file model.cif (mmCIF, N, CA and C atoms)
data_target
#
loop_
_atom_site.label_atom_id
_atom_site.label_comp_id
_atom_site.auth_asym_id
_atom_site.auth_seq_id
_atom_site.Cartn_x
_atom_site.Cartn_y
_atom_site.Cartn_z
N GLN A 1 111.04 120.36 261.09
CA GLN A 1 111.54 121.66 260.66
C GLN A 1 112.89 121.95 261.29
N VAL A 2 113.71 122.66 260.56
CA VAL A 2 115.03 123.07 261.03
C VAL A 2 115.13 124.58 260.90
N GLN A 3 115.66 125.21 261.91
CA GLN A 3 115.92 126.64 261.86
C GLN A 3 117.43 126.86 261.86
N LEU A 4 117.86 127.81 261.02
CA LEU A 4 119.29 128.12 260.88
C LEU A 4 119.51 129.60 261.11
N VAL A 5 120.48 129.92 261.94
CA VAL A 5 120.79 131.32 262.22
C VAL A 5 122.28 131.54 262.03
N GLU A 6 122.61 132.40 261.06
CA GLU A 6 124.01 132.71 260.78
C GLU A 6 124.48 133.89 261.62
N SER A 7 125.79 133.93 261.84
CA SER A 7 126.42 135.07 262.51
C SER A 7 127.88 135.11 262.08
N GLY A 8 128.52 136.24 262.38
CA GLY A 8 129.95 136.35 262.13
C GLY A 8 130.35 137.18 260.93
N GLY A 9 129.37 137.65 260.16
CA GLY A 9 129.72 138.48 259.03
C GLY A 9 130.25 139.84 259.47
N GLY A 10 130.77 140.60 258.52
CA GLY A 10 131.27 141.92 258.85
C GLY A 10 132.08 142.49 257.71
N LYS A 11 132.84 143.55 258.03
CA LYS A 11 133.67 144.23 257.04
C LYS A 11 135.13 144.02 257.39
N VAL A 12 135.91 143.63 256.40
CA VAL A 12 137.34 143.45 256.58
C VAL A 12 138.08 143.99 255.38
N HIS A 13 139.38 144.21 255.56
CA HIS A 13 140.22 144.60 254.43
C HIS A 13 140.72 143.36 253.71
N SER A 14 141.12 143.54 252.50
CA SER A 14 141.67 142.46 251.71
C SER A 14 142.82 141.80 252.48
N GLY A 15 142.82 140.46 252.49
CA GLY A 15 143.82 139.73 253.25
C GLY A 15 143.39 139.35 254.65
N GLY A 16 142.26 139.89 255.09
CA GLY A 16 141.77 139.62 256.43
C GLY A 16 141.04 138.29 256.53
N SER A 17 140.55 138.01 257.72
CA SER A 17 139.86 136.75 258.01
C SER A 17 138.55 137.00 258.74
N LEU A 18 137.62 136.10 258.53
CA LEU A 18 136.36 136.08 259.26
C LEU A 18 135.97 134.62 259.48
N LYS A 19 135.20 134.38 260.54
CA LYS A 19 134.66 133.04 260.77
C LYS A 19 133.15 133.15 260.92
N LEU A 20 132.45 132.51 260.01
CA LEU A 20 130.99 132.49 260.05
C LEU A 20 130.51 131.28 260.86
N SER A 21 129.40 131.47 261.54
CA SER A 21 128.77 130.39 262.30
C SER A 21 127.32 130.27 261.87
N CYS A 22 126.81 129.05 261.95
CA CYS A 22 125.41 128.78 261.64
C CYS A 22 124.89 127.82 262.70
N ALA A 23 124.02 128.33 263.56
CA ALA A 23 123.45 127.51 264.62
C ALA A 23 122.15 126.87 264.14
N ALA A 24 122.08 125.56 264.24
CA ALA A 24 120.90 124.82 263.82
C ALA A 24 120.07 124.42 265.03
N SER A 25 118.75 124.46 264.87
CA SER A 25 117.84 124.02 265.92
C SER A 25 116.64 123.35 265.27
N GLY A 26 115.85 122.67 266.07
CA GLY A 26 114.69 121.94 265.54
C GLY A 26 115.04 120.47 265.38
N THR A 27 114.53 119.86 264.31
CA THR A 27 114.75 118.43 264.07
C THR A 27 116.08 118.21 263.36
N ILE A 28 117.16 118.52 264.08
CA ILE A 28 118.49 118.47 263.46
C ILE A 28 118.91 117.06 263.12
N SER A 29 118.28 116.06 263.70
CA SER A 29 118.62 114.68 263.36
C SER A 29 118.27 114.36 261.92
N SER A 30 117.43 115.18 261.30
CA SER A 30 117.04 114.93 259.91
C SER A 30 118.02 115.53 258.91
N ILE A 31 119.02 116.26 259.38
CA ILE A 31 119.99 116.90 258.48
C ILE A 31 121.00 115.87 257.99
N ARG A 32 121.23 115.86 256.68
CA ARG A 32 122.21 114.95 256.08
C ARG A 32 123.40 115.70 255.51
N MET A 33 123.20 116.94 255.14
CA MET A 33 124.29 117.72 254.58
C MET A 33 124.06 119.18 254.93
N MET A 34 125.16 119.89 255.19
CA MET A 34 125.07 121.33 255.41
C MET A 34 126.05 122.03 254.49
N ALA A 35 125.73 123.26 254.17
CA ALA A 35 126.55 123.97 253.19
C ALA A 35 126.49 125.47 253.42
N TRP A 36 127.47 126.14 252.85
CA TRP A 36 127.48 127.60 252.77
C TRP A 36 127.33 127.99 251.30
N TYR A 37 126.44 128.92 251.04
CA TYR A 37 126.29 129.53 249.74
C TYR A 37 126.55 131.03 249.89
N ARG A 38 126.78 131.68 248.76
CA ARG A 38 126.91 133.14 248.79
C ARG A 38 126.26 133.73 247.55
N GLN A 39 125.82 134.97 247.70
CA GLN A 39 125.22 135.68 246.58
C GLN A 39 125.72 137.11 246.59
N ALA A 40 126.44 137.45 245.54
CA ALA A 40 126.94 138.81 245.36
C ALA A 40 125.90 139.63 244.60
N PRO A 41 125.94 140.95 244.72
CA PRO A 41 124.95 141.79 244.02
C PRO A 41 124.96 141.53 242.52
N GLY A 42 123.79 141.27 241.96
CA GLY A 42 123.67 141.06 240.52
C GLY A 42 124.10 139.68 240.05
N LYS A 43 124.43 138.80 240.98
CA LYS A 43 124.89 137.47 240.59
C LYS A 43 124.00 136.40 241.21
N GLN A 44 124.09 135.20 240.64
CA GLN A 44 123.32 134.09 241.18
C GLN A 44 123.96 133.55 242.45
N ARG A 45 123.13 132.93 243.27
CA ARG A 45 123.65 132.30 244.47
C ARG A 45 124.54 131.14 244.06
N GLU A 46 125.70 130.99 244.72
CA GLU A 46 126.63 129.93 244.37
C GLU A 46 127.07 129.16 245.61
N LEU A 47 127.36 127.88 245.39
CA LEU A 47 127.84 127.03 246.47
C LEU A 47 129.29 127.39 246.80
N VAL A 48 129.55 127.56 248.08
CA VAL A 48 130.90 127.86 248.55
C VAL A 48 131.57 126.59 249.07
N ALA A 49 130.88 125.88 249.95
CA ALA A 49 131.43 124.68 250.56
C ALA A 49 130.30 123.87 251.17
N SER A 50 130.52 122.56 251.28
CA SER A 50 129.52 121.69 251.89
C SER A 50 130.21 120.62 252.71
N ILE A 51 129.44 120.05 253.64
CA ILE A 51 129.98 118.99 254.48
C ILE A 51 128.87 118.01 254.80
N ARG A 52 129.19 116.72 254.68
CA ARG A 52 128.21 115.68 254.95
C ARG A 52 128.29 115.23 256.39
N THR A 53 127.35 114.42 256.80
CA THR A 53 127.35 113.94 258.19
C THR A 53 128.55 113.03 258.46
N ASP A 54 129.11 112.41 257.41
CA ASP A 54 130.28 111.56 257.62
C ASP A 54 131.58 112.37 257.65
N GLY A 55 131.45 113.69 257.51
CA GLY A 55 132.61 114.56 257.60
C GLY A 55 133.25 114.93 256.27
N ARG A 56 132.84 114.26 255.22
CA ARG A 56 133.43 114.58 253.92
C ARG A 56 132.98 115.98 253.48
N SER A 57 133.94 116.74 252.98
CA SER A 57 133.66 118.13 252.63
C SER A 57 134.04 118.43 251.20
N TYR A 58 133.48 119.51 250.71
CA TYR A 58 133.76 120.00 249.36
C TYR A 58 133.94 121.51 249.45
N HIS A 59 134.92 122.03 248.74
CA HIS A 59 135.12 123.47 248.65
C HIS A 59 135.18 123.88 247.19
N ALA A 60 134.46 124.90 246.82
CA ALA A 60 134.46 125.37 245.45
C ALA A 60 135.82 125.93 245.08
N ALA A 61 136.13 125.87 243.81
CA ALA A 61 137.46 126.27 243.33
C ALA A 61 137.88 127.68 243.76
N PRO A 62 136.98 128.67 243.69
CA PRO A 62 137.41 130.03 244.04
C PRO A 62 137.85 130.20 245.50
N VAL A 63 137.45 129.27 246.38
CA VAL A 63 137.77 129.44 247.79
C VAL A 63 138.69 128.35 248.32
N LYS A 64 138.98 127.37 247.50
CA LYS A 64 139.80 126.25 247.96
C LYS A 64 141.18 126.74 248.40
N GLY A 65 141.58 126.28 249.58
CA GLY A 65 142.86 126.70 250.12
C GLY A 65 142.77 127.96 250.96
N ARG A 66 141.63 128.68 250.89
CA ARG A 66 141.46 129.89 251.69
C ARG A 66 140.33 129.73 252.72
N PHE A 67 139.28 129.00 252.35
CA PHE A 67 138.14 128.79 253.23
C PHE A 67 138.14 127.34 253.72
N SER A 68 137.55 127.15 254.90
CA SER A 68 137.44 125.80 255.44
C SER A 68 136.11 125.64 256.16
N ILE A 69 135.36 124.64 255.73
CA ILE A 69 134.07 124.35 256.35
C ILE A 69 134.25 123.28 257.43
N SER A 70 133.53 123.44 258.52
CA SER A 70 133.58 122.44 259.59
C SER A 70 132.26 122.46 260.34
N ARG A 71 132.04 121.45 261.15
CA ARG A 71 130.81 121.41 261.94
C ARG A 71 131.11 120.82 263.31
N ASP A 72 130.41 121.31 264.30
CA ASP A 72 130.50 120.81 265.67
C ASP A 72 129.14 120.19 265.98
N ASN A 73 129.08 118.87 265.89
CA ASN A 73 127.80 118.20 266.08
C ASN A 73 127.25 118.39 267.49
N ALA A 74 128.13 118.46 268.46
CA ALA A 74 127.69 118.62 269.84
C ALA A 74 126.98 119.96 270.03
N LYS A 75 127.43 120.97 269.29
CA LYS A 75 126.84 122.30 269.39
C LYS A 75 125.83 122.57 268.28
N SER A 76 125.66 121.59 267.38
CA SER A 76 124.74 121.75 266.23
C SER A 76 125.06 123.03 265.47
N THR A 77 126.34 123.24 265.25
CA THR A 77 126.79 124.48 264.61
C THR A 77 127.71 124.18 263.44
N LEU A 78 127.48 124.92 262.37
CA LEU A 78 128.31 124.86 261.17
C LEU A 78 129.19 126.09 261.14
N TYR A 79 130.43 125.93 260.67
CA TYR A 79 131.35 127.05 260.60
C TYR A 79 131.92 127.20 259.19
N LEU A 80 132.37 128.41 258.90
CA LEU A 80 133.14 128.66 257.69
C LEU A 80 134.27 129.61 258.07
N GLN A 81 135.48 129.08 258.12
CA GLN A 81 136.65 129.90 258.38
C GLN A 81 137.13 130.46 257.04
N MET A 82 137.20 131.78 256.95
CA MET A 82 137.56 132.43 255.70
C MET A 82 138.83 133.22 255.92
N ASN A 83 139.90 132.82 255.23
CA ASN A 83 141.19 133.49 255.32
C ASN A 83 141.57 134.12 253.99
N ASN A 84 142.49 135.06 254.06
CA ASN A 84 142.99 135.72 252.86
C ASN A 84 141.84 136.21 251.97
N LEU A 85 140.92 136.90 252.58
CA LEU A 85 139.75 137.38 251.86
C LEU A 85 140.12 138.42 250.81
N VAL A 86 139.39 138.40 249.72
CA VAL A 86 139.58 139.35 248.61
C VAL A 86 138.24 140.02 248.32
N PRO A 87 138.26 141.18 247.66
CA PRO A 87 136.99 141.89 247.39
C PRO A 87 135.96 141.03 246.67
N GLU A 88 136.41 140.07 245.86
CA GLU A 88 135.47 139.21 245.14
C GLU A 88 134.70 138.27 246.07
N ASP A 89 135.10 138.18 247.32
CA ASP A 89 134.37 137.37 248.30
C ASP A 89 133.19 138.14 248.90
N THR A 90 133.07 139.41 248.57
CA THR A 90 131.97 140.21 249.10
C THR A 90 130.63 139.65 248.62
N ALA A 91 129.77 139.34 249.57
CA ALA A 91 128.48 138.72 249.26
C ALA A 91 127.69 138.53 250.54
N VAL A 92 126.44 138.16 250.37
CA VAL A 92 125.66 137.67 251.50
C VAL A 92 125.88 136.16 251.56
N TYR A 93 126.26 135.67 252.71
CA TYR A 93 126.55 134.24 252.89
C TYR A 93 125.37 133.58 253.60
N TYR A 94 124.93 132.48 253.02
CA TYR A 94 123.76 131.76 253.53
C TYR A 94 124.15 130.36 253.98
N CYS A 95 123.57 129.93 255.07
CA CYS A 95 123.71 128.57 255.56
C CYS A 95 122.54 127.74 255.01
N ASN A 96 122.83 126.52 254.62
CA ASN A 96 121.81 125.63 254.06
C ASN A 96 121.93 124.25 254.68
N ALA A 97 120.79 123.61 254.88
CA ALA A 97 120.77 122.24 255.38
C ALA A 97 119.83 121.41 254.54
N LEU A 98 120.23 120.19 254.24
CA LEU A 98 119.41 119.27 253.45
C LEU A 98 119.14 118.01 254.24
N GLY A 99 117.91 117.49 254.09
CA GLY A 99 117.55 116.23 254.71
C GLY A 99 117.34 115.16 253.66
N ASP A 100 116.69 114.08 254.05
CA ASP A 100 116.52 112.93 253.16
C ASP A 100 115.36 113.08 252.18
N TYR A 101 114.41 113.91 252.50
CA TYR A 101 113.17 113.95 251.73
C TYR A 101 113.02 115.25 250.94
N VAL A 102 112.24 115.15 249.87
CA VAL A 102 111.95 116.35 249.07
C VAL A 102 111.29 117.39 249.98
N GLY A 103 111.79 118.59 249.92
CA GLY A 103 111.27 119.64 250.79
C GLY A 103 112.11 119.85 252.03
N ASP A 104 112.98 118.90 252.34
CA ASP A 104 113.89 119.06 253.47
C ASP A 104 115.08 119.90 253.01
N ASP A 105 114.83 121.19 252.85
CA ASP A 105 115.80 122.13 252.30
C ASP A 105 115.61 123.43 253.04
N TRP A 106 116.50 123.69 254.00
CA TRP A 106 116.32 124.83 254.88
C TRP A 106 117.43 125.86 254.69
N TRP A 107 117.07 127.13 254.87
CA TRP A 107 118.00 128.24 254.67
C TRP A 107 117.99 129.19 255.86
N GLY A 108 119.15 129.76 256.13
CA GLY A 108 119.23 130.82 257.10
C GLY A 108 118.90 132.15 256.45
N GLN A 109 118.96 133.21 257.23
CA GLN A 109 118.58 134.53 256.74
C GLN A 109 119.72 135.25 256.02
N GLY A 110 120.92 134.74 256.17
CA GLY A 110 122.08 135.33 255.50
C GLY A 110 122.84 136.29 256.39
N THR A 111 124.13 136.41 256.13
CA THR A 111 124.98 137.36 256.84
C THR A 111 125.91 138.01 255.82
N GLN A 112 126.04 139.33 255.91
CA GLN A 112 126.81 140.10 254.93
C GLN A 112 128.30 140.05 255.24
N VAL A 113 129.07 139.77 254.20
CA VAL A 113 130.53 139.85 254.27
C VAL A 113 130.98 140.87 253.24
N THR A 114 131.72 141.86 253.67
CA THR A 114 132.22 142.91 252.78
C THR A 114 133.73 143.00 252.92
N VAL A 115 134.42 142.86 251.79
CA VAL A 115 135.88 142.92 251.77
C VAL A 115 136.30 144.12 250.94
N SER A 116 137.04 145.01 251.53
CA SER A 116 137.50 146.20 250.82
C SER A 116 138.97 146.04 250.44
N SER A 117 139.31 146.67 249.33
CA SER A 117 140.70 146.55 248.85
C SER A 117 141.60 147.55 249.54
#
call {"tool": "encode", "arguments": {"input": "model.cif", "output": "structure tokens"}}
result
Amino acid sequence: QVQLVESGGGKVHSGGSLKLSCAASGTISSIRMMAWYRQAPGKQRELVASIRTDGRSYHAAPVKGRFSISRDNAKSTLYLQMNNLVPEDTAVYYCNALGDYVGDDWWGQGTQVTVSS
């Protein structure tokens, strides 16, 4: 089992920055990929960015060039640096981890990000 705890959400004005953190604990050696998702009110949860154990990352088109995903393996922590935030980034942001086997799909509790114009 893996436990994920997000932090770093908050309220900012348009153009501001936030850095989200996701601390992983438990059987972290089983994690193969970590990701950030977000869900805005009335919308489906969507992938924001992901990073594999080999360091290769992916950023969704709406955030490319503004957000950056990274991980510190020594601290078992995933990060999401969010710059130039816009109101459309307002959502609950969730940390996700995937392992090798079916069912190895873990989620954090989410952290709220609110961007005002």
call {"tool": "residues_around", "arguments": {"input": "model.cif", "residues": "A:Gln1", "least_positions_apart": "2", "cutoff": "7 Å", "atoms": "only C-alpha atoms", "output": "count of residues only"}}
result
3
call {"tool": "resolve_selection", "arguments": {"input": "model.cif", "expression": "the PyMOL selection byres (((chain A and resi 52 and name CA) around 10) and name CA)", "output": "ChimeraX atom specification"}}
result
/A:31-35,50-51,53-58,70-71,97-98
call {"tool": "resolve_selection", "arguments": {"input": "model.cif", "expression": "the PyMOL selection byres ((chain A and resi 39) around 7)", "output": "count of residues only"}}
result
14
call {"tool": "resolve_selection", "arguments": {"input": "model.cif", "expression": "the PyMOL selection byres ((chain A and resi 80-83) around 8)", "output": "CSV table (one decimal) with N, CA and C atoms, in the coordinates of the input"}}
result
chain,number,residue,atom,x,y,z
A,14,SER,N,141.1,143.5,252.5
A,14,SER,CA,141.7,142.5,251.7
A,14,SER,C,142.8,141.8,252.5
A,15,GLY,N,142.8,140.5,252.5
A,15,GLY,CA,143.8,139.7,253.2
A,15,GLY,C,143.4,139.4,254.6
A,16,GLY,N,142.3,139.9,255.1
A,16,GLY,CA,141.8,139.6,256.4
A,16,GLY,C,141.0,138.3,256.5
A,17,SER,N,140.6,138.0,257.7
A,17,SER,CA,139.9,136.8,258.0
A,17,SER,C,138.6,137.0,258.7
A,18,LEU,N,137.6,136.1,258.5
A,18,LEU,CA,136.4,136.1,259.3
A,18,LEU,C,136.0,134.6,259.5
A,19,LYS,N,135.2,134.4,260.5
A,19,LYS,CA,134.7,133.0,260.8
A,19,LYS,C,133.2,133.2,260.9
A,20,LEU,N,132.4,132.5,260.0
A,20,LEU,CA,131.0,132.5,260.0
A,20,LEU,C,130.5,131.3,260.9
A,21,SER,N,129.4,131.5,261.5
A,21,SER,CA,128.8,130.4,262.3
A,21,SER,C,127.3,130.3,261.9
A,22,CYS,N,126.8,129.0,262.0
A,22,CYS,CA,125.4,128.8,261.6
A,22,CYS,C,124.9,127.8,262.7
A,36,TRP,N,127.5,126.1,252.8
A,36,TRP,CA,127.5,127.6,252.8
A,36,TRP,C,127.3,128.0,251.3
A,65,GLY,N,141.6,126.3,249.6
A,65,GLY,CA,142.9,126.7,250.1
A,65,GLY,C,142.8,128.0,251.0
A,66,ARG,N,141.6,128.7,250.9
A,66,ARG,CA,141.5,129.9,251.7
A,66,ARG,C,140.3,129.7,252.7
A,67,PHE,N,139.3,129.0,252.4
A,67,PHE,CA,138.1,128.8,253.2
A,67,PHE,C,138.1,127.3,253.7
A,68,SER,N,137.6,127.2,254.9
A,68,SER,CA,137.4,125.8,255.4
A,68,SER,C,136.1,125.6,256.2
A,69,ILE,N,135.4,124.6,255.7
A,69,ILE,CA,134.1,124.4,256.4
A,69,ILE,C,134.2,123.3,257.4
A,70,SER,N,133.5,123.4,258.5
A,70,SER,CA,133.6,122.4,259.6
A,70,SER,C,132.3,122.5,260.3
A,71,ARG,N,132.0,121.4,261.2
A,71,ARG,CA,130.8,121.4,261.9
A,71,ARG,C,131.1,120.8,263.3
A,77,THR,N,126.3,123.2,265.2
A,77,THR,CA,126.8,124.5,264.6
A,77,THR,C,127.7,124.2,263.4
A,78,LEU,N,127.5,124.9,262.4
A,78,LEU,CA,128.3,124.9,261.2
A,78,LEU,C,129.2,126.1,261.1
A,79,TYR,N,130.4,125.9,260.7
A,79,TYR,CA,131.4,127.0,260.6
A,79,TYR,C,131.9,127.2,259.2
A,84,ASN,N,142.5,135.1,254.1
A,84,ASN,CA,143.0,135.7,252.9
A,84,ASN,C,141.8,136.2,252.0
A,85,LEU,N,140.9,136.9,252.6
A,85,LEU,CA,139.8,137.4,251.9
A,85,LEU,C,140.1,138.4,250.8
A,86,VAL,N,139.4,138.4,249.7
A,86,VAL,CA,139.6,139.4,248.6
A,86,VAL,C,138.2,140.0,248.3
call {"tool": "atom_distance", "arguments": {"input": "model.cif", "atom1": "atom C of A:Val102", "atom2": "atom N of A:Gly8"}}
result
28.4 Å
call {"tool": "select_by_dssp", "arguments": {"input": "model.cif", "residues": "chain A", "states": "helix (DSSP H, G or I)", "output": "ChimeraX atom specification"}}
result
/A:28-30,87-89
call {"tool": "atom_distance", "arguments": {"input": "model.cif", "atom1": "atom C of A:Gly103", "atom2": "atom C of A:Leu4"}}
result
15.2 Å
call {"tool": "atom_distance", "arguments": {"input": "model.cif", "atom1": "atom N of A:Trp106", "atom2": "atom C of A:Glu88"}}
result
24.6 Å
call {"tool": "axis_aligned_box", "arguments": {"input": "model.cif", "around": "stretch 84-94 of chain A", "padding_each_side": "5 Å", "output": "AutoDock Vina command-line options"}}
result
--center_x 133.4 --center_y 136.1 --center_z 249.6 --size_x 29.2 --size_y 21.5 --size_z 18.9
call {"tool": "select_by_dssp", "arguments": {"input": "model.cif", "residues": "chain A", "states": "strand (DSSP E)", "output": "JSON, numbers by chain"}}
result
{"A": [2, 3, 4, 5, 6, 7, 10, 11, 12, 13, 18, 19, 20, 21, 22, 23, 24, 25, 26, 33, 34, 35, 36, 37, 38, 39, 46, 47, 48, 49, 50, 51, 52, 57, 58, 59, 67, 68, 69, 70, 71, 72, 77, 78, 79, 80, 81, 82, 91, 92, 93, 94, 95, 96, 97, 98, 105, 106, 107, 111, 112, 113, 114, 115, 116]}
call {"tool": "closest_residue", "arguments": {"input": "model.cif", "among": "A:Ala24, A:Val2, A:Ser30, A:Ser7", "to": "A:Gly110", "atoms": "all atoms listed in the file"}}
result
A:Ser7
call {"tool": "closest_residue", "arguments": {"input": "model.cif", "among": "A:Asp100, A:Asp72, A:Glu6, A:Asp89", "to": "A:Ser29", "atoms": "only C-alpha atoms"}}
result
A:Asp100
call {"tool": "decode", "arguments": {"input": "model.cif", "residues": "stretch 57-75 of chain A", "atoms": "N, CA and C atoms", "output": "PDB file, in the first residue's frame"}}
result
ATOM      1  N   SER A  57       8.879  12.958 -18.384  1.00  0.00           N
ATOM      2  CA  SER A  57       7.670  13.637 -17.920  1.00  0.00           C
ATOM      3  C   SER A  57       6.771  14.006 -19.080  1.00  0.00           C
ATOM      4  N   TYR A  58       5.532  14.266 -18.729  1.00  0.00           N
ATOM      5  CA  TYR A  58       4.514  14.695 -19.686  1.00  0.00           C
ATOM      6  C   TYR A  58       3.733  15.826 -19.045  1.00  0.00           C
ATOM      7  N   HIS A  59       3.428  16.849 -19.824  1.00  0.00           N
ATOM      8  CA  HIS A  59       2.587  17.947 -19.355  1.00  0.00           C
ATOM      9  C   HIS A  59       1.444  18.149 -20.334  1.00  0.00           C
ATOM     10  N   ALA A  60       0.244  18.247 -19.850  1.00  0.00           N
ATOM     11  CA  ALA A  60      -0.910  18.455 -20.704  1.00  0.00           C
ATOM     12  C   ALA A  60      -0.833  19.817 -21.376  1.00  0.00           C
ATOM     13  N   ALA A  61      -1.451  19.914 -22.529  1.00  0.00           N
ATOM     14  CA  ALA A  61      -1.357  21.135 -23.339  1.00  0.00           C
ATOM     15  C   ALA A  61      -1.762  22.404 -22.587  1.00  0.00           C
ATOM     16  N   PRO A  62      -2.842  22.384 -21.798  1.00  0.00           N
ATOM     17  CA  PRO A  62      -3.251  23.629 -21.130  1.00  0.00           C
ATOM     18  C   PRO A  62      -2.228  24.176 -20.132  1.00  0.00           C
ATOM     19  N   VAL A  63      -1.302  23.334 -19.670  1.00  0.00           N
ATOM     20  CA  VAL A  63      -0.363  23.790 -18.646  1.00  0.00           C
ATOM     21  C   VAL A  63       1.073  23.802 -19.133  1.00  0.00           C
ATOM     22  N   LYS A  64       1.307  23.313 -20.329  1.00  0.00           N
ATOM     23  CA  LYS A  64       2.668  23.225 -20.840  1.00  0.00           C
ATOM     24  C   LYS A  64       3.301  24.615 -20.921  1.00  0.00           C
ATOM     25  N   GLY A  65       4.520  24.696 -20.391  1.00  0.00           N
ATOM     26  CA  GLY A  65       5.208  25.981 -20.378  1.00  0.00           C
ATOM     27  C   GLY A  65       4.923  26.806 -19.137  1.00  0.00           C
ATOM     28  N   ARG A  66       3.894  26.419 -18.356  1.00  0.00           N
ATOM     29  CA  ARG A  66       3.569  27.141 -17.132  1.00  0.00           C
ATOM     30  C   ARG A  66       3.770  26.272 -15.883  1.00  0.00           C
ATOM     31  N   PHE A  67       3.494  24.979 -16.006  1.00  0.00           N
ATOM     32  CA  PHE A  67       3.630  24.052 -14.885  1.00  0.00           C
ATOM     33  C   PHE A  67       4.824  23.137 -15.140  1.00  0.00           C
ATOM     34  N   SER A  68       5.405  22.659 -14.041  1.00  0.00           N
ATOM     35  CA  SER A  68       6.525  21.730 -14.161  1.00  0.00           C
ATOM     36  C   SER A  68       6.441  20.679 -13.060  1.00  0.00           C
ATOM     37  N   ILE A  69       6.424  19.423 -13.482  1.00  0.00           N
ATOM     38  CA  ILE A  69       6.381  18.315 -12.525  1.00  0.00           C
ATOM     39  C   ILE A  69       7.799  17.832 -12.240  1.00  0.00           C
ATOM     40  N   SER A  70       8.046  17.474 -10.994  1.00  0.00           N
ATOM     41  CA  SER A  70       9.354  16.941 -10.625  1.00  0.00           C
ATOM     42  C   SER A  70       9.184  16.023  -9.421  1.00  0.00           C
ATOM     43  N   ARG A  71      10.211  15.253  -9.135  1.00  0.00           N
ATOM     44  CA  ARG A  71      10.150  14.369  -7.977  1.00  0.00           C
ATOM     45  C   ARG A  71      11.513  14.311  -7.310  1.00  0.00           C
ATOM     46  N   ASP A  72      11.499  14.180  -6.006  1.00  0.00           N
ATOM     47  CA  ASP A  72      12.705  14.016  -5.210  1.00  0.00           C
ATOM     48  C   ASP A  72      12.637  12.618  -4.617  1.00  0.00           C
ATOM     49  N   ASN A  73      13.366  11.693  -5.226  1.00  0.00           N
ATOM     50  CA  ASN A  73      13.283  10.307  -4.787  1.00  0.00           C
ATOM     51  C   ASN A  73      13.795  10.132  -3.357  1.00  0.00           C
ATOM     52  N   ALA A  74      14.779  10.910  -2.979  1.00  0.00           N
ATOM     53  CA  ALA A  74      15.336  10.789  -1.633  1.00  0.00           C
ATOM     54  C   ALA A  74      14.291  11.160  -0.578  1.00  0.00           C
ATOM     55  N   LYS A  75      13.421  12.100  -0.926  1.00  0.00           N
ATOM     56  CA  LYS A  75      12.381  12.544   0.008  1.00  0.00           C
ATOM     57  C   LYS A  75      11.043  11.879  -0.275  1.00  0.00           C
TER      58      LYS A  75
END
